[in-house]
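Engineer: Below is the file query-v5.cif, with mmCIF, C-alpha atoms.
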```cif
data_run
loop_
_atom_site.label_atom_id
_atom_site.label_comp_id
_atom_site.auth_asym_id
_atom_site.auth_seq_id
_atom_site.Cartn_x
_atom_site.Cartn_y
_atom_site.Cartn_z
CA MET A 4 48.83 40.50 -42.73
CA LYS A 5 48.90 44.30 -43.06
CA ALA A 6 45.17 44.63 -43.77
CA LEU A 7 44.31 42.52 -40.73
CA SER A 8 46.79 44.34 -38.52
CA ASP A 9 45.45 47.71 -39.62
CA ALA A 10 41.85 46.60 -39.05
CA ILE A 11 42.66 45.65 -35.46
CA GLY A 12 44.66 48.81 -34.84
CA ALA A 13 41.67 50.84 -36.02
CA ARG A 14 39.56 49.12 -33.36
CA ARG A 15 41.77 50.15 -30.43
CA ASP A 16 39.20 52.50 -28.91
CA ASP A 17 36.47 49.91 -29.45
CA LEU A 18 38.61 47.30 -27.70
CA ILE A 19 39.10 49.61 -24.72
CA ARG A 20 35.38 50.36 -24.45
CA LEU A 21 34.42 46.72 -24.81
CA THR A 22 36.85 45.66 -22.08
CA GLN A 23 35.58 48.39 -19.79
CA ASP A 24 31.95 47.44 -20.41
CA LEU A 25 32.68 43.81 -19.59
CA ILE A 26 34.50 44.71 -16.37
CA ARG A 27 31.59 46.91 -15.29
CA ILE A 28 29.27 43.88 -15.22
CA PRO A 29 30.18 42.37 -11.80
CA THR A 30 29.92 38.66 -12.59
CA LEU A 31 31.09 37.55 -9.15
CA ASN A 32 31.50 33.84 -8.51
CA PRO A 33 30.48 32.83 -5.93
CA PRO A 34 27.55 33.20 -5.96
CA GLY A 35 27.20 33.73 -9.73
CA GLN A 36 25.90 37.26 -10.19
CA HIS A 37 24.89 38.96 -13.45
CA TYR A 38 25.62 35.96 -15.68
CA HIS A 39 22.57 36.63 -17.83
CA ASP A 40 23.42 40.34 -18.01
CA ILE A 41 26.85 39.75 -19.53
CA CYS A 42 25.54 37.15 -21.99
CA ALA A 43 22.74 39.50 -23.08
CA PHE A 44 25.28 42.33 -23.46
CA LEU A 45 27.45 40.18 -25.72
CA GLU A 46 24.44 39.07 -27.76
CA ALA A 47 23.50 42.73 -28.30
CA ARG A 48 27.06 43.37 -29.44
CA LEU A 49 27.45 40.42 -31.81
CA ALA A 50 24.01 39.68 -33.27
CA PRO A 51 23.78 42.90 -35.37
CA GLY A 52 27.09 41.88 -36.99
CA GLY A 53 25.63 38.67 -38.33
CA TRP A 54 26.53 36.33 -35.47
CA ASP A 55 24.00 33.65 -34.55
CA CYS A 56 23.79 33.88 -30.76
CA GLU A 57 22.51 31.24 -28.36
CA LEU A 58 22.05 31.75 -24.64
CA VAL A 59 22.33 28.45 -22.77
CA ARG A 60 21.37 27.93 -19.14
CA ALA A 61 23.21 25.06 -17.48
CA LYS A 62 20.25 23.80 -15.50
CA GLY A 63 20.95 21.50 -12.61
CA THR A 64 24.69 22.18 -12.44
CA PRO A 65 26.38 23.12 -9.13
CA GLY A 66 25.20 26.57 -8.02
CA ASP A 67 22.41 26.87 -10.60
CA CYS A 68 19.21 28.15 -9.01
CA ALA A 69 16.48 30.71 -9.56
CA ALA A 70 18.52 33.45 -7.87
CA TYR A 71 21.79 32.61 -9.65
CA PRO A 72 21.14 30.80 -12.94
CA ARG A 73 24.22 29.60 -14.84
CA TRP A 74 24.04 31.35 -18.23
CA ASN A 75 26.43 30.90 -21.15
CA LEU A 76 26.64 32.45 -24.61
CA ILE A 77 27.74 30.85 -27.86
CA ALA A 78 28.03 33.09 -30.94
CA ARG A 79 28.55 31.48 -34.36
CA ARG A 80 29.53 33.05 -37.68
CA ARG A 81 29.52 30.82 -40.75
CA GLY A 82 31.76 31.32 -43.75
CA THR A 83 30.87 31.07 -47.39
CA ARG A 84 32.70 27.78 -47.99
CA PRO A 85 33.18 24.47 -46.15
CA GLY A 86 36.04 24.37 -43.69
CA ASP A 87 37.13 23.93 -40.10
CA CYS A 88 35.61 25.54 -37.00
CA VAL A 89 37.78 27.73 -34.78
CA HIS A 90 36.31 28.28 -31.32
CA PHE A 91 37.41 31.00 -28.88
CA ASN A 92 36.31 30.18 -25.34
CA SER A 93 36.47 32.66 -22.45
CA HIS A 94 34.93 32.41 -19.01
CA HIS A 95 32.91 35.45 -17.95
CA ASP A 96 32.91 34.86 -14.17
CA VAL A 97 35.33 36.61 -11.82
CA VAL A 98 36.49 35.89 -8.28
CA GLU A 99 35.72 37.96 -5.20
CA VAL A 100 37.22 41.43 -4.99
CA GLY A 101 39.21 41.01 -1.76
CA ALA A 102 41.01 43.75 0.14
CA GLY A 103 43.82 46.06 -0.94
CA TRP A 104 42.30 47.83 -3.94
CA THR A 105 43.21 51.44 -4.68
CA ARG A 106 40.87 51.66 -7.70
CA ASP A 107 37.23 50.82 -8.28
CA PRO A 108 37.21 47.03 -8.89
CA PHE A 109 34.31 47.39 -11.33
CA GLY A 110 35.12 50.84 -12.71
CA GLY A 111 37.10 49.72 -15.76
CA GLU A 112 39.47 52.65 -15.29
CA HIS A 113 41.74 53.30 -18.28
CA ASP A 114 45.13 54.63 -17.21
CA VAL A 115 46.45 56.09 -20.45
CA ALA A 116 49.93 56.78 -19.08
CA GLN A 117 50.40 53.16 -18.01
CA ASP A 118 48.52 51.73 -21.01
CA ARG A 119 46.36 49.68 -18.64
CA ILE A 120 42.72 48.98 -17.87
CA TYR A 121 42.03 48.18 -14.22
CA GLY A 122 39.31 46.06 -12.67
CA ARG A 123 38.39 42.67 -11.33
CA GLY A 124 38.48 40.23 -14.22
CA SER A 125 40.40 42.59 -16.52
CA CYS A 126 43.30 40.14 -16.76
CA ASP A 127 41.43 36.94 -15.89
CA MET A 128 39.92 37.02 -18.43
CA LYS A 129 37.62 39.72 -19.81
CA GLY A 130 40.54 41.34 -21.62
CA GLY A 131 41.13 38.07 -23.43
CA LEU A 132 37.43 37.77 -24.27
CA ALA A 133 37.40 41.30 -25.69
CA ALA A 134 40.58 40.64 -27.70
CA SER A 135 39.09 37.50 -29.26
CA ILE A 136 35.93 39.40 -30.27
CA ILE A 137 37.94 42.21 -31.87
CA ALA A 138 40.12 39.63 -33.68
CA ALA A 139 37.10 37.78 -35.05
CA GLU A 140 35.27 40.94 -36.12
CA ALA A 141 38.35 42.32 -37.87
CA PHE A 142 38.95 39.02 -39.66
CA VAL A 143 35.34 38.77 -40.88
CA GLU A 144 35.48 42.31 -42.24
CA THR A 145 38.87 41.80 -43.91
CA CYS A 146 38.21 38.29 -45.20
CA PRO A 147 34.44 38.03 -45.84
CA ASP A 148 34.86 34.96 -48.06
CA PHE A 149 36.32 32.84 -45.28
CA ALA A 150 35.81 29.09 -44.98
CA GLY A 151 34.27 27.10 -42.18
CA ARG A 152 32.96 28.65 -38.97
CA ILE A 153 34.07 30.93 -36.15
CA GLU A 154 32.64 30.54 -32.66
CA ILE A 155 32.97 32.72 -29.59
CA SER A 156 31.76 31.49 -26.22
CA ALA A 157 31.47 33.26 -22.89
CA THR A 158 30.98 30.63 -20.23
CA ALA A 159 30.18 30.37 -16.55
CA ASP A 160 31.89 29.08 -13.45
CA GLU A 161 35.45 28.43 -14.63
CA GLU A 162 36.61 29.80 -11.30
CA SER A 163 34.65 27.07 -9.50
CA GLY A 164 35.31 24.10 -11.78
CA GLY A 165 33.51 25.03 -15.00
CA PHE A 166 30.65 22.57 -14.51
CA GLY A 167 28.02 25.21 -15.27
CA GLY A 168 29.98 26.37 -18.31
CA VAL A 169 32.30 24.46 -20.63
CA ALA A 170 31.59 21.07 -19.04
CA TYR A 171 27.86 21.54 -19.63
CA LEU A 172 28.39 22.66 -23.23
CA ALA A 173 30.76 19.75 -23.89
CA GLU A 174 28.22 17.29 -22.52
CA ARG A 175 25.64 18.81 -24.90
CA GLY A 176 27.99 18.07 -27.79
CA ASP A 177 28.85 21.67 -28.60
CA PHE A 178 32.48 20.78 -29.34
CA ALA A 179 31.68 17.75 -31.48
CA ASP A 180 32.06 19.73 -34.72
CA VAL A 181 34.90 22.00 -33.57
CA GLN A 182 38.44 21.44 -34.84
CA HIS A 183 40.48 24.15 -33.07
CA VAL A 184 40.02 25.78 -29.64
CA ILE A 185 41.83 28.82 -28.22
CA ILE A 186 41.16 29.81 -24.62
CA PRO A 187 42.40 33.41 -24.09
CA GLU A 188 43.61 32.92 -20.52
CA PRO A 189 46.29 35.40 -19.34
CA LEU A 190 49.49 33.48 -20.07
CA HIS A 191 51.44 36.39 -21.68
CA LYS A 192 51.13 37.32 -25.34
CA ASP A 193 54.23 35.39 -26.44
CA ARG A 194 53.36 32.13 -24.69
CA ILE A 195 51.32 29.15 -25.81
CA CYS A 196 49.92 27.17 -22.91
CA LEU A 197 49.68 23.51 -23.89
CA GLY A 198 47.77 22.27 -20.85
CA HIS A 199 47.86 21.90 -17.09
CA ARG A 200 48.83 19.66 -14.19
CA GLY A 201 46.37 17.27 -12.60
CA VAL A 202 44.45 17.98 -9.41
CA TRP A 203 42.82 15.92 -6.66
CA TRP A 204 40.83 17.60 -3.92
CA ALA A 205 39.77 15.57 -0.93
CA GLU A 206 38.47 15.96 2.61
CA ILE A 207 40.21 14.14 5.42
CA GLU A 208 38.27 13.89 8.67
CA THR A 209 39.52 12.54 11.96
CA HIS A 210 37.08 11.35 14.63
CA GLY A 211 37.31 11.60 18.39
CA ARG A 212 35.01 11.50 21.40
CA ILE A 213 33.41 14.52 23.05
CA ALA A 214 34.01 15.09 26.77
CA HIS A 215 34.18 17.96 29.25
CA GLY A 216 37.12 20.26 28.61
CA SER A 217 38.15 20.07 32.25
CA MET A 218 38.51 16.30 31.93
CA PRO A 219 39.94 15.82 28.43
CA PHE A 220 41.32 12.42 29.45
CA LEU A 221 37.73 11.14 29.31
CA GLY A 222 37.46 12.13 25.65
CA ASP A 223 39.55 11.74 22.53
CA SER A 224 40.57 14.90 20.67
CA ALA A 225 40.06 14.75 16.91
CA ILE A 226 42.18 17.90 16.63
CA ARG A 227 45.17 16.17 18.22
CA HIS A 228 44.67 13.29 15.82
CA MET A 229 44.69 15.74 12.92
CA GLY A 230 47.82 17.33 14.31
CA ALA A 231 49.51 13.94 14.00
CA VAL A 232 48.32 13.73 10.39
CA LEU A 233 49.80 17.14 9.58
CA ASP A 234 53.04 16.20 11.34
CA GLU A 235 53.30 13.07 9.21
CA MET A 236 52.76 15.18 6.09
CA GLU A 237 55.52 17.56 7.18
CA ARG A 238 57.99 14.79 7.94
CA THR A 239 57.37 12.41 5.03
CA LEU A 240 55.02 13.59 2.30
CA TRP A 241 56.08 17.16 1.56
CA PRO A 242 59.79 16.24 1.27
CA LEU A 243 58.83 13.34 -1.01
CA LEU A 244 56.73 15.53 -3.32
CA ALA A 245 59.41 18.22 -3.52
CA GLY A 246 61.74 15.64 -5.06
CA ARG A 247 59.41 14.81 -7.96
CA HIS A 248 59.76 16.87 -11.11
CA THR A 249 58.03 16.84 -14.47
CA GLU A 250 59.23 17.18 -18.03
CA MET A 251 56.13 19.32 -18.70
CA PRO A 252 57.13 23.01 -19.12
CA VAL A 253 55.07 24.11 -16.11
CA ILE A 254 55.36 27.70 -14.93
CA PRO A 255 56.47 28.99 -12.50
CA GLU A 256 59.49 26.80 -11.83
CA GLY A 257 58.28 25.71 -8.39
CA ALA A 258 55.20 24.11 -9.95
CA ARG A 259 57.32 21.61 -11.87
CA ALA A 260 57.31 19.59 -8.66
CA SER A 261 54.33 17.77 -7.18
CA THR A 262 52.57 19.92 -4.61
CA LEU A 263 50.12 19.57 -1.74
CA ASN A 264 48.24 22.41 -0.09
CA VAL A 265 45.98 22.23 2.96
CA ASN A 266 43.18 24.57 1.89
CA SER A 267 41.31 24.65 5.19
CA ILE A 268 41.04 23.14 8.63
CA HIS A 269 37.97 23.00 10.87
CA GLY A 270 37.71 21.26 14.21
CA GLY A 271 35.53 21.09 17.28
CA GLU A 272 32.66 23.50 17.72
CA PRO A 273 31.41 25.45 14.68
CA ASP A 274 32.37 29.10 14.30
CA LEU A 275 29.28 31.11 15.22
CA GLY A 276 30.48 34.25 13.46
CA PRO A 277 31.54 37.73 14.60
CA GLU A 278 28.05 38.58 15.84
CA PHE A 279 28.28 35.94 18.57
CA THR A 280 29.81 37.47 21.70
CA GLY A 281 29.49 34.54 24.11
CA LEU A 282 32.14 32.05 25.20
CA PRO A 283 32.54 28.59 23.67
CA ALA A 284 31.47 25.49 25.57
CA PRO A 285 34.24 23.47 27.26
CA CYS A 286 34.29 20.41 25.04
CA VAL A 287 36.84 18.02 23.62
CA ALA A 288 36.66 18.12 19.81
CA ASP A 289 35.03 14.99 18.44
CA ARG A 290 35.76 15.85 14.81
CA CYS A 291 38.36 17.70 12.72
CA ARG A 292 38.43 18.11 8.96
CA ILE A 293 40.96 19.37 6.44
CA THR A 294 40.59 19.95 2.71
CA ILE A 295 43.67 19.03 0.66
CA ASP A 296 44.60 20.26 -2.81
CA ARG A 297 47.02 17.83 -4.43
CA ARG A 298 48.50 18.90 -7.78
CA PHE A 299 50.10 16.01 -9.63
CA LEU A 300 52.24 15.55 -12.70
CA VAL A 301 51.64 13.76 -15.98
CA GLU A 302 54.29 11.26 -14.88
CA GLU A 303 52.27 10.31 -11.77
CA ASP A 304 49.50 7.70 -11.58
CA PRO A 305 46.33 9.29 -10.11
CA ALA A 306 45.51 6.03 -8.31
CA GLU A 307 48.94 6.06 -6.70
CA VAL A 308 48.43 9.69 -5.64
CA LYS A 309 45.40 8.57 -3.65
CA ARG A 310 47.10 5.47 -2.29
CA GLU A 311 49.90 7.67 -1.00
CA ILE A 312 47.48 9.62 1.20
CA ALA A 313 45.75 6.44 2.36
CA ALA A 314 49.12 4.92 3.30
CA LEU A 315 50.01 8.05 5.26
CA MET A 316 46.78 7.83 7.22
CA GLU A 317 47.43 4.16 7.97
CA ARG A 318 50.90 4.97 9.31
CA VAL A 319 49.33 7.45 11.71
CA ARG A 320 46.65 4.92 12.72
CA GLU A 321 49.25 2.33 13.61
CA ARG A 322 50.86 4.73 16.10
CA ARG A 323 47.73 6.22 17.69
CA PRO A 324 45.24 4.17 19.74
CA GLY A 325 41.64 4.96 18.84
CA PHE A 326 42.60 6.78 15.63
CA ARG A 327 39.68 6.80 13.16
CA TYR A 328 39.44 8.70 9.89
CA GLU A 329 37.62 9.13 6.59
CA ILE A 330 38.86 10.29 3.18
CA ARG A 331 36.25 11.75 0.81
CA ASP A 332 36.92 12.59 -2.82
CA LEU A 333 35.77 16.06 -3.85
CA PHE A 334 37.23 16.75 -7.28
CA GLU A 335 39.67 15.14 -9.68
CA VAL A 336 41.13 16.20 -13.03
CA ALA A 337 43.80 14.40 -15.01
CA PRO A 338 46.71 16.36 -16.48
CA SER A 339 46.17 17.61 -20.01
CA MET A 340 48.77 18.59 -22.60
CA THR A 341 48.36 19.24 -26.31
CA GLU A 342 51.24 18.13 -28.54
CA ARG A 343 53.48 20.86 -29.94
CA ASP A 344 52.82 19.70 -33.49
CA ALA A 345 49.03 20.06 -33.16
CA PRO A 346 47.56 22.36 -35.85
CA VAL A 347 46.41 25.12 -33.49
CA VAL A 348 49.81 25.12 -31.77
CA ARG A 349 51.77 25.39 -35.00
CA THR A 350 49.50 28.09 -36.38
CA THR A 351 49.55 30.18 -33.21
CA ALA A 352 53.33 29.88 -32.91
CA ALA A 353 53.75 31.12 -36.48
CA ALA A 354 51.37 34.03 -35.80
CA ILE A 355 53.27 35.04 -32.64
CA GLU A 356 56.52 35.12 -34.59
CA ARG A 357 54.97 37.26 -37.33
CA VAL A 358 53.32 39.74 -34.93
CA LEU A 359 55.96 39.97 -32.19
CA GLY A 360 59.10 39.09 -34.12
CA ARG A 361 60.16 36.37 -31.69
CA GLN A 362 59.55 32.69 -31.20
CA ALA A 363 56.73 31.52 -28.98
CA ASP A 364 57.45 30.07 -25.56
CA TYR A 365 55.63 26.84 -24.66
CA VAL A 366 54.31 26.50 -21.13
CA VAL A 367 51.97 24.44 -18.98
CA SER A 368 49.71 25.95 -16.32
CA PRO A 369 50.20 25.02 -12.66
CA GLY A 370 46.42 25.04 -12.13
CA THR A 371 43.61 23.67 -14.23
CA TYR A 372 41.31 25.65 -16.49
CA ASP A 373 38.55 24.73 -18.93
CA GLN A 374 40.83 22.80 -21.29
CA LYS A 375 40.18 19.84 -18.99
CA HIS A 376 36.53 19.67 -20.09
CA ILE A 377 37.28 20.15 -23.78
CA ASP A 378 39.81 17.32 -23.54
CA ARG A 379 37.97 14.89 -21.24
CA ILE A 380 34.33 15.43 -22.25
CA GLY A 381 34.64 17.08 -25.65
CA LYS A 382 37.34 14.60 -26.77
CA LEU A 383 39.22 17.41 -28.51
CA LYS A 384 43.00 17.52 -28.06
CA ASN A 385 43.65 20.39 -30.47
CA CYS A 386 43.22 23.03 -27.76
CA ILE A 387 45.50 25.65 -26.20
CA ALA A 388 45.34 28.62 -23.89
CA TYR A 389 46.65 31.80 -25.49
CA GLY A 390 45.79 35.33 -24.51
CA PRO A 391 46.94 38.70 -23.21
CA GLY A 392 47.69 39.49 -19.61
CA VAL A 393 50.27 38.83 -16.93
CA LEU A 394 49.39 35.58 -15.18
CA GLU A 395 50.58 36.84 -11.81
CA MET A 396 47.94 39.63 -11.87
CA ALA A 397 45.05 37.15 -11.83
CA HIS A 398 42.96 37.38 -8.63
CA GLN A 399 45.14 40.23 -7.30
CA PRO A 400 44.01 43.64 -5.97
CA ASP A 401 44.31 46.37 -8.63
CA GLU A 402 44.14 43.71 -11.34
CA TRP A 403 44.94 45.14 -14.79
CA ILE A 404 45.32 44.29 -18.47
CA GLY A 405 47.64 46.06 -20.91
CA VAL A 406 45.95 47.64 -23.92
CA THR A 407 48.91 47.07 -26.24
CA ASP A 408 49.07 43.45 -25.07
CA MET A 409 45.41 43.01 -26.03
CA ILE A 410 46.02 44.57 -29.45
CA ASP A 411 49.01 42.30 -30.08
CA SER A 412 47.12 39.21 -28.94
CA ALA A 413 44.14 40.14 -31.11
CA ARG A 414 46.49 40.37 -34.09
CA VAL A 415 47.85 36.90 -33.30
CA MET A 416 44.34 35.45 -33.01
CA ALA A 417 43.24 37.10 -36.25
CA LEU A 418 46.26 35.65 -38.06
CA VAL A 419 45.36 32.20 -36.72
CA LEU A 420 41.90 32.64 -38.24
CA ASP A 421 43.44 33.77 -41.51
CA ASP A 422 45.80 30.80 -41.65
CA LEU A 423 43.13 28.24 -40.77
CA LEU A 424 40.07 29.68 -42.53
CA GLY A 425 41.22 32.33 -44.98
CA GLN A 426 42.86 32.19 -48.37
CA PRO A 427 46.57 33.00 -48.97
CA GLY A 428 47.01 36.68 -49.74
CA GLU A 429 43.61 37.79 -48.45
CA SER A 430 45.00 39.52 -45.35
#
```
Translate the structure described by the file into structure tokens.
Structural biologist:
Amino acid sequence: MKALSDAIGARRDDLIRLTQDLIRIPTLNPPGQHYHDICAFLEARLAPGGWDCELVRAKGTPGDCAAYPRWNLIARRRGTRPGDCVHFNSHHDVVEVGAGWTRDPFGGEHDVAQDRIYGRGSCDMKGGLAASIIAAEAFVETCPDFAGRIEISATADEESGGFGGVAYLAERGDFADVQHVIIPEPLHKDRICLGHRGVWWAEIETHGRIAHGSMPFLGDSAIRHMGAVLDEMERTLWPLLAGRHTEMPVIPEGARASTLNVNSIHGGEPDLGPEFTGLPAPCVADRCRITIDRRFLVEEDPAEVKREIAALMERVRERRPGFRYEIRDLFEVAPSMTERDAPVVRTTAAAIERVLGRQADYVVSPGTYDQKHIDRIGKLKNCIAYGPGVLEMAHQPDEWIGVTDMIDSARVMALVLDDLLGQPGES
């Protein structure tokens, strides 16, 4: 262990520079900017070290176009003997900057006093990507006679479903010969994330009849109909969901219950934007639409989750003359959870104890991440999320990643490689 630990410690400055360089490539999603730039940067970093690099465009996936092609990188390093494949997967896209920043979101500022690197994507998850690269490079140098294969991927669009990234690679069969996957999402350096809750997104639209706003009795307001839907949710559905709890170790505590969020609501005339300075027309709204985000538990039946919403809409219909509605599925992911006795879980837990001197904590994410595609499409259950960073900093203004946390996580990842691919005593 000492040789590996020392090799990673010696790369501290390299880790800082690499993280900064990654942050300074503004891979904003949407729309999907600079995806090729970051993949080409990583290829230039890894190829001279003997990594076989492949750039993969996910043609035809959501968002892929000439202006914003969906590019991914897979880097492979083969050992000298047969053995397993360990794959580190990180998404390279970041969310919008948002307001409230006091530092340059793409400056990669290193605050030495606070031991932090600031920038959009530093925590979620370019710091984890950098840590996995440093871990792999240090392991290869320290244990050149390793078995099997190491892979590092930097993939697109995790923040918008992962269809142009891990899902596309899984459909190509890129995980068919992989035995262990670690996704360095920011779950804290002493936590192993076993999986995530399920999600169902849907649109609910109520229909009305347009009429003059001075004579609303001649029309039928879709907005009022939607108000009745929201009232029914308040009175019956939200209290029901709050009473359901899972045995999955979901964090934070509030996410151990079933949840429903109304992501958006749009009704009546379209918003013409801030440049429009005129007055709206006096019309009764003939349509209103909400988007719902339903997070469900492993103990819940996805079909029943949908039936619950349909039953709610029917209750409203029975009370309201002329009530008409549609429900449209948008997105659905089943819960995923790797068993605690899976090889990658056991190995990572042992490495955390050796590096940090304490036992690992086992958690489940409240939201989904790319494990869903590795599980559902790639048919690989031996997958976890483990990486540096404070989960609550993701998507926040003044997002940051701790340098010491990255070093410690890199040491854990390198030990996992040593345990799975190395020989006893080599580190």
Engineer: Could you pull the residues within 8 Å of A:Pro33, counting all atoms listed in the file, minus those fewer than 4 positions along the same chain, as a VMD selection string?
Structural biologist: chain A and resid 98 to 99 163
Engineer: Which residues fall under the PyMOL selection byres ((chain A and resi 216) around 7) in this file, as a PyMOL selection string?
Structural biologist: chain A and resi 214-215+217-219+285-287
Engineer: So which residues get picked by the PyMOL selection byres ((chain A and resi 355) around 10) here, written as a PyMOL selection string?
Structural biologist: chain A and resi 192-195+350-354+356-364+411-412+414-416+418-419
Engineer: Extract, using only C-alpha atoms, all DNA, RNA and protein residues at most 10 Å from A:Arg379, discarding same-chain residues fewer than 5 positions from it, and format them as a list of chain:residue names.
Structural biologist: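 Answer for this query is A:Ala170, A:Ala173, A:Val336, A:Ala337, A:Ser339, A:Gln374, A:Lys384.
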Engineer: Might you pull out every residue within 10 Å of A:Val348, with all atoms listed in the file counted and same-chain residues fewer than 5 positions away left off, and present them as a list in words?
Structural biologist: His183, Ile185, Ile195, Cys196, Leu197, Thr341, Glu342, Arg343, Ala353, Ala354, Ala363, Tyr365, Asn385, Cys386, Ile387, Ala388, Tyr389 and Val419 of chain A
Engineer: Could you tell me how far atom CA of A:Asn264 sits from atom CA of A:Met229, in Å to one decimal place?
Structural biologist: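 About the pair atom CA of A:Met229 and atom CA of A:Asn264: they are 15.0 Å apart.
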Engineer: Using all atoms listed in the file for the distances, tell me which of A:Tyr121, A:Trp203, A:Phe166, A:Phe149 is nearest to A:Asp373.
Structural biologist: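 When distances to A:Asp373 are compared using all atoms listed in the file, the smallest one comes from A:Phe166.
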Engineer: Near A:Val181, counting all atoms listed in the file, which residues have an atom at most 12 Å away, once you skip same-chain residues fewer than 6 positions from it, shown as a ChimeraX atom specification?
Structural biologist: /A:79,86-92,151-155,173,347,377,381-386
Engineer: Identify which of the residues A:Asp160, A:Asp55, A:Asp296, A:Glu278 lies closest to A:Lys309, counting only C-alpha atoms when measuring atom-to-atom distances.
Structural biologist: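 Distance minimum relative to A:Lys309 lands on A:Asp296.
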Engineer: Between atom CA of A:Met236 and atom CA of A:Arg318, what is the distance in Å, rounded to a tenth?
Structural biologist: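 These two atoms are separated by 10.9 Å.
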Engineer: Please determine, counting all atoms listed in the file, which residue among A:Ile295, A:Ala69, A:Ile186, A:Leu7 has the shortest atom-to-atom distance to A:Ala417.
Structural biologist: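 For A:Ala417, the nearest of the given residues is A:Leu7.
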Engineer: Evaluate the PyMOL selection byres ((chain A and resi 248-257) around 7) on the structure here and hand back the selected residues as a ChimeraX atom specification.
Structural biologist: /A:246-247,258-261,300,302,365-369
Engineer: Can you work out the spacing between atom CA of A:Ala134 and atom CA of A:Pro338 in Å, to one decimal?
Structural biologist: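 Separating atom CA of A:Ala134 from atom CA of A:Pro338 is a distance of 27.4 Å.
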Engineer: Tell me which protein, DNA and RNA residues are within 9 Å of A:Ile312, counting only C-alpha atoms, leaving out same-chain ones fewer than 4 positions away, and put them as an MDAnalysis selection string.
Structural biologist: chainID A and resid 240 307:308 316:317 330
Engineer: Select, counting only C-alpha atoms, all protein, DNA and RNA residues no farther than 9 Å from (31.2, 29.9, -51.9) in file coordinates, and express the selection as a tab-separated table (two decimals) with C-alpha atoms, in the frame of the given file.
Structural biologist:
```
chain	number	residue	atom	x	y	z
A	82	GLY	CA	31.76	31.32	-43.75
A	83	THR	CA	30.87	31.07	-47.39
A	84	ARG	CA	32.70	27.78	-47.99
A	85	PRO	CA	33.18	24.47	-46.15
A	148	ASP	CA	34.86	34.96	-48.06
A	149	PHE	CA	36.32	32.84	-45.28
A	150	ALA	CA	35.81	29.09	-44.98
```
Engineer: Choose the residue, out of A:Ala133, A:Ala313, A:Leu282, A:Ile226, that has the smallest atom-to-atom separation from A:Arg15; count all atoms listed in the file.
Structural biologist: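 Among the listed residues, A:Ala133 lies closest to A:Arg15.
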Engineer: Out of A:Leu49, A:Val100, A:Leu31, A:Leu76, which residue has the shortest atom-to-atom distance to A:Glu402 when counting only C-alpha atoms?
Structural biologist: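 Comparing A:Leu49, A:Val100, A:Leu31, A:Leu76 against A:Glu402, the winner is A:Val100.
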